[in-house]
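Trainee: Supplied in structure tokens, the structure appears directly below.
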Amino acid sequence: MLELSDHARAMASVATTPVERRKMTREIRVVGKVEYNETALAIITTRVEGYVERLFVDYTGVEVKAGDHLVEIYSPDLLVAQQELLIAMSGQSNASLVESAKRKLLLWGLTQEQVDALVRDKKTSDRITLFSPIKGTVTEKMVVQKAMVKPGEVLYRLANLESVWVYLDLYEHEMPWVQYGQMVEVKSEAIPDRTFSGRVWFINPVLNEESRTVKVLLNIDNADHKLKPGMYVSAVIRAEIRANGKAAATGVEGQWSCPMHPLIMKEQAGPCPVCKMDLVQIPGASPATPQDDALPLSVPVTAVLDSGIRKLVYVEKSKGQYVPVEIVTGPRTDDAYPVLSGLDEGDLVVTRGNFLLDSQFQIRGLPSLFYKEGQAAAVGHQHGGKAPSEADPKVQTPPAPHKH
Ligand SMILES: [Zn+2]
């Protein structure tokens, strides 16, 4: 213990603050990019050879509903296949021939209703219409009027933009703070007055070795299509630290959410109230134990002396009396560390003048930041303090400046 007089304390302008339990959050800021929700993409291809007769959707950006017609194709092959079915039905040929003729038409993209109508009405058509399988936006149109198309050719690409994905690249040391289901704030310079909310939807199991980052995927509700694929956004991840120094559970573990509508949270499985898709359960840690759930003991960053190997604070035991205390901390927030061991609530830690105190301890050969066991006085004569033999053998005592 070191005792400072009132005068010495004033000279060192020593200030203290009590250790307290309080809410501690860690903030990670990161830039991300808006991408399509990959689960909400569709490609329109033709299965028959033919010629584009009519384009119902003739420019990109058009919004379509599921079932909307996109394009009509004139196909002589289709006509022949329909006639084959009618011939198979009229003749003495066996049932399997009829079935395979029907199947061919279905495989070429006719609906069951269309085949049934053909069987009933015997009315062939050399046209086939392709319909949109999803509600979405036409993001690419590769086809023009009267063009010839071949089976497998992509005519349109569609994307549902009601939710978008944002990829964030996070460093390894930031990963402990990122959890599945966590809410993340997202802002775009293009929409300065809005703050979007996204949910961590996927954490890449593989690290990119070149950038040393891990891709984290956010799923963001984008009902009004304000966020556009390709945009850059800035994201803020806020994690709360618990008494054990770990990030608090997000509270959504085990709940059910919609891949298309990530803001929907239900206690039970079932269909999404918006799109009727089956809800998906959010995995994650079981609820925290009450002890882990307690608020952390917080010590200001300014109180902590860090040698790189250990962390030390000076505690005021009573007015003017100080002792060094080694502490173990959790990860640092902006202005504080959570203390895992070494301090109790209410302890007065020195937040100003602690470097000066430490040098006083060092000069007097007492245990200090770099000399855990204390050492012989670094300067001048060795009156008091520990004998050199008791000092840490690894520590070289600098030569005294004056010799007698
Ligand atoms: Zn939904």
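Note on naming: chains are A, B, ... as they come in the structure tokens, residues start from 1 per chain, ligands start from 1 in the order shown.
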Which residues are near A:Leu105? Cut-off 9 Å, only C-alpha atoms, ignore same chain within fewer than 4 positions. Put them as an mmCIF file with C-alpha atoms, in the first residue's frame.
Mentor:
data_model
loop_
_atom_site.group_PDB
_atom_site.id
_atom_site.type_symbol
_atom_site.label_atom_id
_atom_site.label_comp_id
_atom_site.auth_asym_id
_atom_site.auth_seq_id
_atom_site.Cartn_x
_atom_site.Cartn_y
_atom_site.Cartn_z
ATOM 1 C CA LEU A 78 -46.144 -27.946 -79.864
ATOM 2 C CA ALA A 81 -47.249 -32.884 -80.165
ATOM 3 C CA GLN A 82 -50.883 -31.977 -79.555
ATOM 4 C CA LEU A 85 -52.072 -36.907 -78.522
ATOM 5 C CA SER A 100 -46.833 -40.474 -72.784
ATOM 6 C CA ALA A 101 -48.242 -37.974 -75.291
ATOM 7 C CA GLY A 109 -44.947 -26.447 -70.038
ATOM 8 C CA LEU A 110 -48.662 -26.880 -70.670
ATOM 9 C CA THR A 111 -50.728 -26.897 -67.504
ATOM 10 C CA VAL A 115 -54.099 -30.715 -71.420
#
Trainee: Would you list the residues that come within 7 Å of ligand 1? Count only C-alpha atoms and all ligand atoms and give the answer as a VMD selection string.
Mentor: chain A and resid 258 to 261 272 to 277
Trainee: Select from stretch 6-215 of chain A everything DSSP, run on the backbone, classes as strand (DSSP E or B), then give the selection as a PyMOL selection string.
Mentor: chain A and resi 15-18+20-21+24-36+41-45+50-55+63-64+69-74+127-131+136-141+148-149+154-159+163-171+183-188+191-208+213-215
Trainee: I'd like a table as CSV: residues in stretch 349-381 of chain A with an atom no more than 9 Å from stretch 307-314 of chain A, each row giving the shortest atom pair and its distance in Å to one decimal, only C-alpha atoms counted, sorted by chain and rising residue number.
Mentor:
residue,atom,partner,partner_atom,distance
A:Val349,CA,A:Tyr314,CA,5.7
A:Val350,CA,A:Tyr314,CA,5.4
A:Thr351,CA,A:Tyr314,CA,8.4
A:Asn354,CA,A:Tyr314,CA,6.6
A:Leu357,CA,A:Tyr314,CA,7.9
A:Asp358,CA,A:Tyr314,CA,8.1
A:Ser368,CA,A:Leu312,CA,8.2
A:Leu369,CA,A:Leu312,CA,6.2
A:Phe370,CA,A:Ser307,CA,6.6
Trainee: Grab the residues selected above and save them as a CSV table (one decimal), in the first residue's frame with N, CA and C atoms.
Mentor:
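Final file, part-v9.csv:
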chain,number,residue,atom,x,y,z
A,349,VAL,N,-11.9,3.0,-7.9
A,349,VAL,CA,-10.7,2.8,-8.7
A,349,VAL,C,-10.2,4.2,-9.2
A,350,VAL,N,-8.9,4.3,-9.3
A,350,VAL,CA,-8.3,5.6,-9.7
A,350,VAL,C,-8.4,5.7,-11.2
A,351,THR,N,-9.0,6.8,-11.6
A,351,THR,CA,-9.2,7.0,-13.1
A,351,THR,C,-8.3,8.1,-13.6
A,354,ASN,N,-3.3,7.6,-12.1
A,354,ASN,CA,-2.9,6.2,-11.9
A,354,ASN,C,-1.5,5.9,-12.5
A,357,LEU,N,0.8,7.2,-9.9
A,357,LEU,CA,0.8,6.3,-8.8
A,357,LEU,C,1.7,5.1,-9.1
A,358,ASP,N,1.5,4.6,-10.3
A,358,ASP,CA,2.2,3.4,-10.7
A,358,ASP,C,3.7,3.6,-10.7
A,368,SER,N,4.1,-3.2,-9.1
A,368,SER,CA,3.5,-2.2,-10.0
A,368,SER,C,3.2,-2.9,-11.3
A,369,LEU,N,2.8,-2.1,-12.3
A,369,LEU,CA,2.3,-2.7,-13.6
A,369,LEU,C,3.3,-3.6,-14.2
A,370,PHE,N,4.6,-3.2,-14.4
A,370,PHE,CA,5.5,-4.0,-15.1
A,370,PHE,C,6.3,-4.9,-14.1
Trainee: Determine, counting only C-alpha atoms, which protein, DNA and RNA residues have an atom within 10 Å of an atom of A:Lys23; residues of the same chain fewer than 2 positions away are not included. Present the result as a ChimeraX atom specification.
Mentor: /A:20-21,25,240-243,294-298,338
Trainee: What is the atom CA of A:Ala8 to atom CA of A:Phe355 distance in Å?
Mentor: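 One can read the atom CA of A:Ala8 to atom CA of A:Phe355 distance as 13.9 Å.
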Trainee: Mind pulling up the distance from atom CA of A:Ala42 to atom CA of A:Lys141?
Mentor: 12.3 Å
Trainee: Between atom CA of A:Ala303 and atom CA of A:Asp334, what distance in Å does the model show, to one decimal?
Mentor: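 Separating atom CA of A:Ala303 from atom CA of A:Asp334 is a distance of 13.6 Å.
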Trainee: Which of these, A:Glu267, A:Glu27, A:Glu63, A:Glu140, has the shortest distance to A:Val184 once you count only C-alpha atoms?
Mentor: A:Glu27
Trainee: Rank A:Val52, A:Val299, A:Val62, A:Thr16 by their smallest atom-to-atom distance to A:Val315, using only C-alpha atoms, and report the top residue only.
Mentor: A:Thr16
